[in-house]
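Reproduced below: my_file.txt, with compact mmCIF, C-alpha atoms.
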# COMPACT_ATOMS: atom_id res chain seq x y z
CA MET Q 541 118.57 93.48 77.30
CA ALA Q 542 121.31 91.44 78.96
CA GLU Q 543 124.00 89.72 76.94
CA ASN Q 544 123.01 86.30 75.49
CA GLN Q 545 119.29 86.99 75.90
CA PHE Q 546 116.95 86.97 72.93
CA LEU Q 547 113.69 88.67 72.16
CA LEU Q 548 110.90 86.27 73.19
CA TYR Q 549 107.56 85.65 71.54
CA LYS Q 550 105.23 83.37 73.50
CA ASP Q 551 108.19 82.27 75.66
CA LYS Q 552 110.32 81.16 72.69
CA PRO Q 553 113.41 82.95 71.31
CA LEU Q 554 112.96 85.07 68.18
CA VAL Q 555 116.21 85.83 66.32
CA LYS Q 556 116.60 87.79 63.07
CA TYR Q 557 119.65 87.39 60.86
CA GLY Q 558 119.43 89.31 57.58
CA ASN Q 559 116.12 88.36 55.93
CA THR Q 560 115.74 85.19 58.01
CA ILE Q 561 113.94 84.96 61.35
CA TYR Q 562 114.34 81.90 63.57
CA TYR Q 563 111.65 81.18 66.13
CA GLY Q 564 112.22 78.59 68.84
CA ASP Q 565 115.04 77.10 70.86
CA MET Q 566 117.73 75.31 68.82
CA ALA Q 567 118.07 72.82 71.71
CA ASP Q 568 114.50 71.61 71.02
CA ASP Q 569 113.59 69.05 68.36
CA TYR Q 570 111.95 71.66 66.09
CA VAL Q 571 112.28 75.35 65.22
CA ILE Q 572 110.61 77.68 62.76
CA MET Q 573 112.54 79.39 59.97
CA MET Q 574 110.86 82.40 58.37
CA GLN Q 575 112.38 83.99 55.28
CA ILE Q 576 111.27 87.47 54.27
CA LEU Q 577 110.66 87.17 50.54
CA ASN Q 578 109.79 90.81 49.89
CA LYS Q 579 109.23 94.07 51.69
CA LYS Q 580 106.65 96.83 51.32
CA ASN Q 581 106.88 100.56 51.97
CA TRP Q 582 104.17 102.64 53.61
CA HIS Q 583 104.68 106.24 54.70
CA ASP Q 584 108.49 105.97 54.52
CA GLN Q 585 108.47 102.79 56.63
CA GLU Q 586 109.56 99.35 55.43
CA PHE Q 587 107.41 96.33 56.38
CA CYS Q 588 107.59 92.62 55.68
CA GLY Q 589 105.54 91.50 52.70
CA LYS Q 590 105.43 87.83 51.79
CA ILE Q 591 107.13 85.47 54.27
CA SER Q 592 108.04 81.81 53.79
CA VAL Q 593 107.39 79.84 56.99
CA LYS Q 594 108.99 76.43 57.55
CA LEU Q 595 108.83 74.06 60.50
CA ILE Q 596 112.18 72.27 60.54
CA MET Q 597 113.80 69.55 62.62
CA THR Q 598 117.01 70.54 64.40
CA ASP Q 599 118.56 67.10 63.82
CA GLU Q 600 121.71 67.97 61.87
CA THR Q 601 122.34 64.34 60.87
CA LYS Q 602 119.49 64.56 58.34
CA ASN Q 603 119.61 66.08 54.87
CA PRO Q 604 118.44 69.75 54.99
CA LEU Q 605 115.52 69.00 52.65
CA GLU Q 606 114.39 66.06 54.80
CA ARG Q 607 114.37 68.30 57.86
CA ILE Q 608 111.49 70.42 56.53
CA VAL Q 609 108.27 69.16 58.11
CA LYS Q 610 105.78 71.87 57.02
CA SER Q 611 105.96 74.98 54.89
CA SER Q 612 103.68 77.82 53.90
CA GLU Q 613 103.75 81.42 52.70
CA LYS Q 614 101.99 84.22 54.54
CA GLU Q 615 101.48 87.89 53.78
CA GLY Q 616 102.90 89.92 56.67
CA LEU Q 617 104.78 89.19 59.87
CA TYR Q 618 101.78 88.72 62.18
CA PRO Q 619 100.13 85.93 60.11
CA ALA Q 620 103.55 84.26 59.76
CA LEU Q 621 104.18 84.37 63.51
CA ASP Q 622 100.63 83.20 64.19
CA ILE Q 623 100.99 79.99 62.15
CA ALA Q 624 104.59 79.55 63.33
CA SER Q 625 103.59 79.53 67.01
CA VAL Q 626 100.81 76.99 66.38
CA TRP Q 627 103.06 74.67 64.36
CA LEU Q 628 105.94 74.88 66.84
CA HIS Q 629 103.76 74.33 69.90
CA ASP Q 630 102.07 71.33 68.27
CA ALA Q 631 105.35 69.77 67.07
CA LEU Q 632 107.06 70.17 70.45
CA ARG Q 633 104.04 68.78 72.27
CA LYS Q 634 104.14 65.63 70.09
CA SER Q 635 107.90 65.10 70.33

What does this structure look like when you write it as structure tokens?
Amino acid sequence: MAENQFLLYKDKPLVKYGNTIYYGDMADDYVIMMQILNKKNWHDQEFCGKISVKLIMTDETKNPLERIVKSSEKEGLYPALDIASVWLHDALRKS
């Protein structure tokens, strides 16, 4: 992967920092923030358990709590990414 390129999911950047995953382009009006709340082990492998999913506005002039548009909790990474992609696509289409 070339420098300054991110992993893409449905043509949007996907960036992990610690237990937080950001989905979307920070230059857009909205991004998704997913926080891994717990992890599960299966056959010596670690997997995401419960994940908090939040659709947030990127407008830094607003209070961080006011920037949260939608939030949910999902069990596992795939269900979290599934709802995240729907929310982000819908929010960006309306903005």

Exercise for the section: Select, from Q:Gln575, Q:Ser625, Q:Asn603, Q:Ser611, the residue with the minimum atom-to-atom distance to Asn559 in chain Q, counting only C-alpha atoms. Expected result: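 Nearest candidate to Asn559 in chain Q out of Q:Gln575, Q:Ser625, Q:Asn603, Q:Ser611: Q:Gln575.
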
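CA of Tyr618 in chain Q is positioned 14.7 Å from CA of Leu577 in chain Q.
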
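Minimum atom-to-atom distances from Q:Glu615, Q:Asp630, Q:Asp565, Q:Asp599 to Tyr549 in chain Q were compared using only C-alpha atoms, and the lowest value belongs to Q:Asp565.
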
Practice task
Step by step: start from the point (109.1, 71.7, 59.6) in the file's coordinates, keep every protein, DNA or RNA residue that has an atom no farther than 10 Å from it, count all atoms listed in the file, and write the set as a ChimeraX atom specification.
Solution key: /Q:570-573,593-598,605-612,624,627-628,631

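CA of Thr601 in chain Q is positioned 23.2 Å from CA of Tyr557 in chain Q.
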
Practice task
Please provide the set of residues having any atom within 7 Å of Pro553 in chain Q, restricted to only C-alpha atoms, with same-chain residues fewer than 5 positions apart removed, written as number ranges by chain.
Solution key: Q: 546-548, 563-565

Practice task
Could you tell me which of Q:Ile591, Q:Ile561, Q:Met566, Q:Val555 comes closest to Ala620 in chain Q if we count only C-alpha atoms?
Solution key: Q:Ile591

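CA of Ser635 in chain Q to CA of Asp568 in chain Q spans 9.3 Å [interatomic distance, one decimal].
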